[in-house]
Amino acid sequence: MSMFPAFDIASSALTTHRIWMNAISDNIANINTVKPMSEAAYQEKFIVAREIPSAPGQPVGVGGGVAPVAVQYGDATGTVTYDPTNPLADKDGLVRRPSENLGDQMTNLIIAQRGYQLNLAVIDRAKSSYQQAIDINGR
Amino acid sequence: MAVTPISGIMNAAGMGSIAPVTPSTTAAADAANSTSGVGNAFSQALDSLQGTQNAADALAQTAATGNLTDIHNYTIAATEASLTTEITVAVRDRAVEAFNEIMRMQV
């Protein structure tokens with residue numbers, strides 16, 4: 001356990017939100033990715049986050065923050081679209097487009113960004129609190 | 001370093017001997033855990049300060065070489081190093097202050 005536990009906890013949350021933003025970025029990057037019918041469509045990525053239980057020596061109830069534990073994938077069927085001019089189209093002129101929704105992605109992006117900012121604010125407050133504790137009766 | 005208690009002043013005229021100063025049981029237990037109280041605590045604090053500085057330096061190197069995956073890891077490590085330095089300096093200042101205060105005592 002470090003001397004500044006609030007930093008470690010907020011840092012774990014920053015890492016988790018960064019990974020979430022990476023996943024959203026990947027989802028948005030592949031929003032127009034077309035796949036042939038013989039392959040699975042681009043599957044939307046979801047990050048599964050878990051709380052880190054309190055470490056031994058920590059006060060009961062104070063956890064260790066949050067950690068990304070897994071990636072889950074969305075629908076592999078995708079949206080089957082009729083697009084006969086597409087070079088990937090099969091004999092019926094069908095291709096798979098991702099079934100993800102850009103509105104959801106942008107909403108998640110805002111949530112992830114706000115979560116990141118919140119934890120930066122926690123670090124900022126924690127730092128000034130620790131600094132004030134150091135300055136007790138200082139000259 | 002073992003601290004030997006001050007021996008009592010023996011048989012000054014008209015005065016009984018003063019009982020030697022014995023360390024309290026908790027202080028004795030602390031002394032058993034660490035070889036020397038304040039000095040050892042301070043050197044441990046310096047070691048942990050060195051540790052935080054090394055961690056921040058290593059992350060600064062990864063940032064310079066483009067291998068840093070989490071920007072906040074470096075900035076937080078640098079903040080921890082700077083706070084630990086501030087604490088160490090504050091502790092040193094208080095210790096020196098206390099020492100000076102004792103040295104100023106009229107004898």
# chains A, B, ... in the order shown; residues from 1 in each chain; ligands from 1
$ residues_around --residues "Gly63 in chain A" --least-positions-apart "3" --cutoff "12 Å" --atoms "only C-alpha atoms" --output "ChimeraX atom specification"
/A:1,5-6,8-10,12-13,50-60,66-67
$ closest_atom_pairs --of "chain A" --to "chain B" --cutoff "12 Å" --atoms "only C-alpha atoms" --output "Markdown table"
| residue | atom | partner | partner_atom | distance |
| --- | --- | --- | --- | --- |
| A:Ser2 | CA | B:Glu80 | CA | 9.3 |
| A:Met3 | CA | B:Thr84 | CA | 8.5 |
| A:Phe4 | CA | B:Glu80 | CA | 7.4 |
| A:Pro5 | CA | B:Glu80 | CA | 10.4 |
| A:Ala6 | CA | B:Ile76 | CA | 10.7 |
| A:Phe7 | CA | B:Ile76 | CA | 7.0 |
| A:Asp8 | CA | B:Ile76 | CA | 8.6 |
| A:Ile9 | CA | B:Ile76 | CA | 11.3 |
| A:Ala10 | CA | B:Ile76 | CA | 9.7 |
| A:Ser11 | CA | B:Asn73 | CA | 7.0 |
| A:Ser12 | CA | B:Asn73 | CA | 9.4 |
| A:Ala13 | CA | B:His72 | CA | 10.6 |
| A:Leu14 | CA | B:His72 | CA | 7.4 |
| A:Thr15 | CA | B:Asp70 | CA | 6.8 |
| A:Thr16 | CA | B:Asp70 | CA | 10.3 |
| A:His17 | CA | B:Asp70 | CA | 10.9 |
| A:Arg18 | CA | B:Asp70 | CA | 8.0 |
| A:Ile19 | CA | B:Asp70 | CA | 9.7 |
| A:Asn22 | CA | B:Thr69 | CA | 11.6 |
| A:Tyr116 | CA | B:His72 | CA | 10.4 |
| A:Gln117 | CA | B:His72 | CA | 11.6 |
| A:Asn119 | CA | B:His72 | CA | 10.5 |
| A:Leu120 | CA | B:His72 | CA | 8.7 |
| A:Val122 | CA | B:Ile76 | CA | 11.8 |
| A:Ile123 | CA | B:Ile76 | CA | 8.2 |
| A:Asp124 | CA | B:Thr79 | CA | 10.0 |
| A:Ala126 | CA | B:Thr79 | CA | 10.7 |
| A:Lys127 | CA | B:Thr79 | CA | 7.8 |
| A:Ser128 | CA | B:Leu83 | CA | 9.9 |
| A:Ser129 | CA | B:Leu83 | CA | 10.9 |
| A:Tyr130 | CA | B:Leu83 | CA | 7.7 |
| A:Gln131 | CA | B:Leu83 | CA | 7.0 |
| A:Gln132 | CA | B:Leu83 | CA | 10.6 |
| A:Ala133 | CA | B:Ile87 | CA | 9.2 |
| A:Ile134 | CA | B:Ile87 | CA | 6.0 |
| A:Asp135 | CA | B:Ala90 | CA | 7.8 |
| A:Ile136 | CA | B:Ala90 | CA | 9.5 |
| A:Asn137 | CA | B:Arg94 | CA | 9.7 |
| A:Gly138 | CA | B:Ala90 | CA | 7.8 |
| A:Arg139 | CA | B:Asp93 | CA | 9.4 |
$ select_by_dssp --residues "chain A" --states "strand (DSSP E or B)" --output "list in words"
Lys35, Pro36, Lys45, Phe46, Ile47, Val48, Ala49, Arg50, Glu51, Ile52, Gly65, Val66, Ala67, Pro68, Val69, Ala70, Val71, Gln72, Tyr73, Thr79, Val80, Thr81, Tyr82, Leu94, Val95, Arg96 and Arg97 of chain A
$ select_by_dssp --residues "range 8-136 of chain A" --states "alpha helix (DSSP H)" --output "PyMOL selection string"
chain A and resi 8-29+102-134
$ atom_distance --atom1 "CA of Gly78 in chain A" --atom2 "CA of Tyr42 in chain A"
7.2 Å
$ atom_distance --atom1 "CA of Ser25 in chain A" --atom2 "CA of Val69 in chain A"
18.6 Å
$ atom_distance --atom1 "CA of Pro36 in chain A" --atom2 "CA of Arg96 in chain A"
6.0 Å
